[in-house]
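One structure is given below, encoded as structure tokens.
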Amino acid sequence: MKQVVILLLALVICSCSENKRDFDLKLDDDSIADTLSVHGFKRIEWNEEDPLIKQRTIVSFGQINEIQGQMIVEKLLYLETNDPGKEIDLYLRSLGGWLDDAFSVIDTMKEITSPVNVHALGGCGSSAFLILCSATGQRTAGPNTLLSFHSNQYKIDKTNAKINLNYNRFERLIKGHTKIGDDWLSQGRKNMHFYITPKEALKLEIIDAIRGNHASASDQDHINIP
């Protein structure tokens, strides 16, 4: 048992050391759990007989990481092979995660012939927000869903080429798929998070429709929290 604990701690420390080069990483419960899952301690199993798979439906809850990204990509590719060109529905609830894993999903959606409808549930932020924006089919949000992104996570840094490239692809995607402009993406807005209701998301062409028609938070405007 002692050896297992030592191994787990070593994996966490190695992961933190590697990622510290580009980001400030907190060694909290969430980051430890994510590190363990990324290294294969929590693989998401699924099979072709799953009723949702038969309905061409994918449900993804939780952080966008290697495990979640692999699960989504595997299902997208399977459904494309099974019936090319037929719509796929991805229901997404996530506050974000790793940018590389989000782009693995985004690139796969764009590569296959099946249109992928992305439906935001509850909360959809950061890298999950990018997946929503990039849907190749319809983009929707539930009436009580809160969307969010932080515009300067990858603030330009002349000493770090990777951060610059991350910001460039982040900004290019946002501007290419929505009406979010430079006033939102300004590098001068330090530590600015944007929280957007479905009603505001419609105006900004982040989503194409709000599911349901009852009174909800969608009647409010977006909220900016520094």
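Lettering and numbering for the structure tokens are positional, with chains as A, B, ... in the shown order, residues counted from 1 in each chain, and ligands counted from 1 in the shown order.
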Contacts of segment 41-122 of chain A with segment 127-138 of chain A up to 7 Å, shortest pair per row, only C-alpha atoms, as JSON lines:
{"residue": "A:Ile64", "atom": "CA", "partner": "A:Ala128", "partner_atom": "CA", "distance": 6.8}
{"residue": "A:Ser94", "atom": "CA", "partner": "A:Ala128", "partner_atom": "CA", "distance": 5.9}
{"residue": "A:Leu95", "atom": "CA", "partner": "A:Ala128", "partner_atom": "CA", "distance": 6.7}
{"residue": "A:Gly96", "atom": "CA", "partner": "A:Ser127", "partner_atom": "CA", "distance": 4.7}
{"residue": "A:Gly97", "atom": "CA", "partner": "A:Ser127", "partner_atom": "CA", "distance": 5.8}
{"residue": "A:Trp98", "atom": "CA", "partner": "A:Ser127", "partner_atom": "CA", "distance": 6.5}
{"residue": "A:Leu99", "atom": "CA", "partner": "A:Ser127", "partner_atom": "CA", "distance": 5.6}
{"residue": "A:Ala102", "atom": "CA", "partner": "A:Ser127", "partner_atom": "CA", "distance": 5.7}
{"residue": "A:Ile106", "atom": "CA", "partner": "A:Ile131", "partner_atom": "CA", "distance": 5.9}
{"residue": "A:Met109", "atom": "CA", "partner": "A:Thr136", "partner_atom": "CA", "distance": 6.6}
{"residue": "A:Lys110", "atom": "CA", "partner": "A:Thr136", "partner_atom": "CA", "distance": 6.6}
{"residue": "A:Pro115", "atom": "CA", "partner": "A:Gly137", "partner_atom": "CA", "distance": 4.7}
{"residue": "A:Val116", "atom": "CA", "partner": "A:Gly137", "partner_atom": "CA", "distance": 4.8}
{"residue": "A:Asn117", "atom": "CA", "partner": "A:Gly137", "partner_atom": "CA", "distance": 4.4}
{"residue": "A:Val118", "atom": "CA", "partner": "A:Leu132", "partner_atom": "CA", "distance": 5.7}
Q.
Residues near Gly142 of chain A, anyone? I mean within 6 Å using only C-alpha atoms, not counting same-chain ones fewer than 5 positions away, as a list in words.
A. Leu121, Ile210 and Arg211 of chain A
Can you pull out the residues contacting Lys86 of chain A? Cut-off 9 Å, using only C-alpha atoms, and skip same-chain residues under 5 positions away; I want them as a short mmCIF file (atom, residue, chain, number, x, y, z; two decimals) with all heavy atoms, in the first residue's frame.
data_model
loop_
_atom_site.label_atom_id
_atom_site.label_comp_id
_atom_site.auth_asym_id
_atom_site.auth_seq_id
_atom_site.Cartn_x
_atom_site.Cartn_y
_atom_site.Cartn_z
N ARG A 56 -27.14 7.79 -31.01
CA ARG A 56 -26.10 8.72 -31.48
C ARG A 56 -25.99 9.92 -30.54
O ARG A 56 -25.91 11.08 -30.96
CB ARG A 56 -26.37 9.18 -32.92
CG ARG A 56 -26.41 8.01 -33.90
CD ARG A 56 -26.65 8.45 -35.33
NE ARG A 56 -25.53 9.20 -35.90
CZ ARG A 56 -24.41 8.64 -36.38
NH1 ARG A 56 -24.24 7.33 -36.33
NH2 ARG A 56 -23.47 9.39 -36.92
N LEU A 79 -19.32 6.52 -34.17
CA LEU A 79 -20.62 6.88 -34.75
C LEU A 79 -20.47 7.31 -36.21
O LEU A 79 -21.34 7.05 -37.04
CB LEU A 79 -21.27 7.99 -33.92
CG LEU A 79 -21.71 7.56 -32.50
CD1 LEU A 79 -22.16 8.77 -31.69
CD2 LEU A 79 -22.82 6.52 -32.57
N GLU A 80 -19.36 7.97 -36.54
CA GLU A 80 -19.10 8.34 -37.92
C GLU A 80 -18.91 7.09 -38.78
O GLU A 80 -19.45 7.00 -39.89
CB GLU A 80 -17.85 9.23 -37.99
CG GLU A 80 -17.29 9.46 -39.38
CD GLU A 80 -18.16 10.36 -40.25
OE1 GLU A 80 -19.19 10.89 -39.76
OE2 GLU A 80 -17.81 10.55 -41.44
N THR A 113 -17.86 13.59 -41.19
CA THR A 113 -18.95 14.12 -42.02
C THR A 113 -20.25 14.29 -41.24
O THR A 113 -21.14 15.02 -41.67
CB THR A 113 -19.21 13.18 -43.22
OG1 THR A 113 -19.66 11.90 -42.74
CG2 THR A 113 -17.96 13.01 -44.05
N SER A 114 -20.37 13.63 -40.10
CA SER A 114 -21.58 13.72 -39.30
C SER A 114 -21.64 15.06 -38.58
O SER A 114 -20.71 15.41 -37.82
CB SER A 114 -21.63 12.60 -38.26
OG SER A 114 -21.58 11.33 -38.88
N PRO A 115 -22.71 15.86 -38.76
CA PRO A 115 -22.84 17.11 -38.02
C PRO A 115 -22.96 16.81 -36.52
O PRO A 115 -23.69 15.90 -36.12
CB PRO A 115 -24.14 17.71 -38.55
CG PRO A 115 -24.41 17.01 -39.84
CD PRO A 115 -23.85 15.64 -39.69
N VAL A 116 -22.23 17.56 -35.71
CA VAL A 116 -22.27 17.35 -34.26
C VAL A 116 -22.99 18.53 -33.61
O VAL A 116 -22.51 19.66 -33.65
CB VAL A 116 -20.85 17.20 -33.68
CG1 VAL A 116 -20.93 16.95 -32.17
CG2 VAL A 116 -20.09 16.08 -34.37
#
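With atom CA of Lys199 of chain A on one side and atom CA of Ser148 of chain A on the other, the separation reads 13.3 Å.
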Q.
Can you pull out the residues contacting Gly176 of chain A? Cut-off 12 Å, using only C-alpha atoms, and skip same-chain residues under 4 positions away; I want them as a list in words.
A. Leu130, Cys133, Ser134, Asn168, Arg169, Phe170, Glu171, Arg172, Ile180, Gly181, Leu204, Glu205 and Ile206 of chain A
(Q) I'd like the interatomic distance between atom CA of Leu90 of chain A and atom CA of Thr145 of chain A, to a tenth of an Å. (A)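 Answer for the atom CA of Leu90 of chain A to atom CA of Thr145 of chain A separation: 15.2 Å.
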Q: Would you work out the distance separating atom CA of Asp89 of chain A from atom CA of Ile112 of chain A, expressed in Å to one decimal?
A: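 We find that atom CA of Asp89 of chain A and atom CA of Ile112 of chain A lie 13.6 Å from each other.
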Q: Per DSSP on the backbone, filter segment 62-223 of chain A down to the residues in strand (DSSP E) and report them as a ChimeraX atom specification.
A: /A:88-94,116-125,139-141,146-150,193-196,209-210,223
